[in-house]
Every structure is written in C-alpha cells, then in structure tokens.
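Student: One structure coming up, written as structure tokens, with questions to follow.
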Amino acid sequence: MPEKVIHVASLNENKIKAVRKVFLSHKVKGIACKSGVREQPLDLDEIIEGAIIRARSVYNECEYSIGIEDGISRVRETISGYMNFCCCAIFDGEQIYIGLGPAFEYPPECIKRVLDEGITISQAFIPLTERPDIGYEEGIIGWLTHGKISRVDYTKHAVEMAKLQIDNKRLYS
C-alpha cells in the first residue's frame with residue numbers, strides 16, 4: 001500500500017504539527033510557499049483566498065495538500081472591531097474543503113497598529129511580548145491565554161473542520 005502523503009503549504013512547525021494531529025495515518029511534509037494575499041490579511045474573504053492559494057500551490061504527488069491562513073476580519077460589537085480567524089483549505093486535486101477555527105479578538109492597540117502602520121499582528125505584538133518569532137513559537141493565542149491554548153491546538157480546530165467534509169463526503173456531494 002503506498003504511503004499517504006499530505007503537503008502543508010508552510011514551514012511553520014505549528015501548522016505542520018496541527019495537521020499531523022488530525023491526519024494520524026499520513027506522512028505530513030511542510031513546503032514553503034506564498035499565500036498570494038497580503039502578509040496580514042484584513043478580511044475573511046482574503047484569509048480564505050490565502051488558504052486556498054496555498055493548498056493549490058503545493059498539490060503534487062500527494063493525497064491532500066493543505067493551506068492554513070490566519071488574518072483579521074471586521075466583527076461588529078467587538079472592542080477593536082476585528083477578530084482573528086484561522087482558515088484551513090484542504091485540496092484533493094479536484095475539490096477544496098474549507099474549515100475555520102474559533103475566532104478571538106486581539107487587544108485594540110495591536111489592531112490599531114496593524115491598520116495604521118500596515119504591519120503584521122506579530123509585529124504589532126513585539127512591544128508587548130518582546131518576541132519577534134512568537135508566531136513560530138506558542139503563538140499569540142498561547143501568550144494571550146497564558147499557555148492554555150497553543151497555536152498548534154488553535155490551528156488544529158480549523159483543520160478538523162475542513163476534514164469533517166472529507167470524512168462525510170456523501171453528505172457534501
């Protein structure tokens with residue numbers, strides 16, 4: 001039986017580990033790629049588009065390819081006006097399956113810096129965390145939750161939400 005392979009459109013170990021936690025019987029390999037959208041996506045459509053572009057771009061000699069994209073999008077009644085969303089797009093060579101993880105809000109001062117200065121959310125958090133690579137570590141979600149939710153676990157939910165369509169394909173065709 002040939003080995004089942006998944007390509008993840010990122011070298012970020014948090015994203016790769018999240019996929020490994022969901023696809024236990026697959027070999028998971030990270031591949032560098034561009035999202036095709038802004039470095040800091042600013043609406044849900046752009047977040048989803050980035051995940052899809054990533055997934056499609058690394059599909060080659062694998063069962064599935066996966067793109068994961070985080071970004072902020074406007075949400076009414078929030079303190080900052082925005083929430084972070086994580087999108088997972090799984091591509092099987094024909095069909096895209098989309099999943100979103102739970103959303104959360106960043107502190108207003110960080111959102112303001114992103115919007116006013118055109119920087120990423122990770123860059124906006126450097127004065128608070130003193131950690132420029134926090135997105136490759138426990139993630140801002142890990143820092144905000146004081147270690148209760150890691151970036152891996154946060155991302156895993158989006159992967160699971162996309163995979164449920166594969167696991168229940170007859171309901172989605």
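We label chains A, B, ... in the order they appear in the structure tokens, count residues from 1 in each chain, and number ligands from 1 in the order shown.
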Find the residues around Ile166 in chain A up to 10 Å (only C-alpha atoms counted), leave out those fewer than 5 positions away in its own chain, and share them as a list of chain:residue names.
Tutor: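 Here the answer would be A:Ile90, A:Asp92, A:Gln95, A:Ile96, A:Tyr97, A:Glu160, A:Met161, A:Leu171, A:Tyr172.
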Student: Identify all residues of range 49-158 of chain A in alpha helix (DSSP H) (DSSP on the backbone) and supply them as a VMD selection string.
Tutor: chain A and resid 49 to 57 108 to 117 121 to 129 139 to 144 151 to 158
Student: With C-alpha atoms retained, export the selected residues as a PDB file, in the first residue's frame.
Tutor:
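Written out: out.pdb:
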```pdb
ATOM      1  CA  GLU A  49      -8.334  33.018  -0.507  1.00  0.00           C
ATOM      2  CA  GLY A  50      -4.845  32.782   1.013  1.00  0.00           C
ATOM      3  CA  ALA A  51      -5.537  29.314   2.409  1.00  0.00           C
ATOM      4  CA  ILE A  52      -6.889  28.110  -0.945  1.00  0.00           C
ATOM      5  CA  ILE A  53      -3.965  29.527  -2.928  1.00  0.00           C
ATOM      6  CA  ARG A  54      -1.546  27.873  -0.528  1.00  0.00           C
ATOM      7  CA  ALA A  55      -3.308  24.487  -0.735  1.00  0.00           C
ATOM      8  CA  ARG A  56      -3.488  24.501  -4.537  1.00  0.00           C
ATOM      9  CA  SER A  57       0.130  25.625  -4.955  1.00  0.00           C
ATOM     10  CA  PRO A 108      -7.307  47.195  20.351  1.00  0.00           C
ATOM     11  CA  GLU A 109      -3.846  48.828  20.458  1.00  0.00           C
ATOM     12  CA  CYS A 110      -2.417  45.970  18.361  1.00  0.00           C
ATOM     13  CA  ILE A 111      -5.223  46.119  15.796  1.00  0.00           C
ATOM     14  CA  LYS A 112      -4.748  49.892  15.542  1.00  0.00           C
ATOM     15  CA  ARG A 113      -1.041  49.442  14.784  1.00  0.00           C
ATOM     16  CA  VAL A 114      -1.804  46.829  12.110  1.00  0.00           C
ATOM     17  CA  LEU A 115      -4.278  49.123  10.396  1.00  0.00           C
ATOM     18  CA  ASP A 116      -2.360  52.411  10.828  1.00  0.00           C
ATOM     19  CA  GLU A 117       1.172  51.156  10.198  1.00  0.00           C
ATOM     20  CA  ILE A 121      -0.179  41.286  14.033  1.00  0.00           C
ATOM     21  CA  SER A 122       3.035  39.524  15.134  1.00  0.00           C
ATOM     22  CA  GLN A 123       4.970  42.760  14.577  1.00  0.00           C
ATOM     23  CA  ALA A 124       2.324  44.705  16.498  1.00  0.00           C
ATOM     24  CA  PHE A 125       2.823  42.381  19.485  1.00  0.00           C
ATOM     25  CA  ILE A 126       6.625  42.755  19.709  1.00  0.00           C
ATOM     26  CA  PRO A 127       6.429  45.642  22.230  1.00  0.00           C
ATOM     27  CA  LEU A 128       4.164  43.509  24.447  1.00  0.00           C
ATOM     28  CA  THR A 129       5.890  40.129  24.127  1.00  0.00           C
ATOM     29  CA  GLY A 139       1.657  31.854  19.002  1.00  0.00           C
ATOM     30  CA  ILE A 140      -0.069  34.979  20.201  1.00  0.00           C
ATOM     31  CA  ILE A 141      -3.016  32.810  21.246  1.00  0.00           C
ATOM     32  CA  GLY A 142      -0.642  30.931  23.574  1.00  0.00           C
ATOM     33  CA  TRP A 143       0.632  34.192  25.011  1.00  0.00           C
ATOM     34  CA  LEU A 144      -2.862  35.675  25.453  1.00  0.00           C
ATOM     35  CA  ARG A 151      -1.034  27.791  18.291  1.00  0.00           C
ATOM     36  CA  VAL A 152      -0.968  24.093  17.362  1.00  0.00           C
ATOM     37  CA  ASP A 153      -4.221  23.375  19.208  1.00  0.00           C
ATOM     38  CA  TYR A 154      -5.879  26.543  17.895  1.00  0.00           C
ATOM     39  CA  THR A 155      -4.931  25.683  14.294  1.00  0.00           C
ATOM     40  CA  LYS A 156      -5.957  22.044  14.712  1.00  0.00           C
ATOM     41  CA  HIS A 157      -9.613  23.080  15.029  1.00  0.00           C
ATOM     42  CA  ALA A 158      -9.635  24.672  11.570  1.00  0.00           C
TER      43      ALA A 158
END
```
Student: Give me, as a list of chain:residue names, all polymer residues having an atom no more than 10 Å from Glu3 in chain A, counting only C-alpha atoms and skipping those fewer than 5 positions away in the same chain.
Tutor: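 Residues near the query, excluding close chain neighbours: A:Ser25, A:His26, A:Lys27, A:Cys62, A:Glu63.
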Student: Identify, with DSSP run on backbone atoms, the residues in range 15-171 of chain A assigned to strand (DSSP E or B), and express the list as a VMD selection string.
Tutor: chain A and resid 27 to 30 64 to 74 82 to 91 96 to 100 104
Student: Which polymer residues have any atom within 8 Å of an atom of range 78-87 of chain A, counting only C-alpha atoms, with same-chain residues fewer than 3 positions away left out, as a count of residues only?
Tutor: 28
Student: What is the CA of Ile6 in chain A to CA of Lys29 in chain A distance in Å?
Tutor: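 Separation between CA of Ile6 in chain A and CA of Lys29 in chain A: 6.3 Å.
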Student: In Å, with one decimal, what is the gap from CA of Glu77 in chain A to CA of Glu46 in chain A?
Tutor: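 It comes out at 21.3 Å.
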Student: If we count only C-alpha atoms and set the cut-off at 7 Å, which residues sit around Ile66 in chain A, ignoring sequence neighbours fewer than 6 positions away in its own chain? Please answer as an MDAnalysis selection string.
Tutor: chainID A and resid 7:9 55 88:91
Student: Suppose you want the space between CA of Arg20 in chain A and CA of Asp133 in chain A; what is it in Å?
Tutor: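 Answer for the CA of Arg20 in chain A to CA of Asp133 in chain A separation: 21.8 Å.
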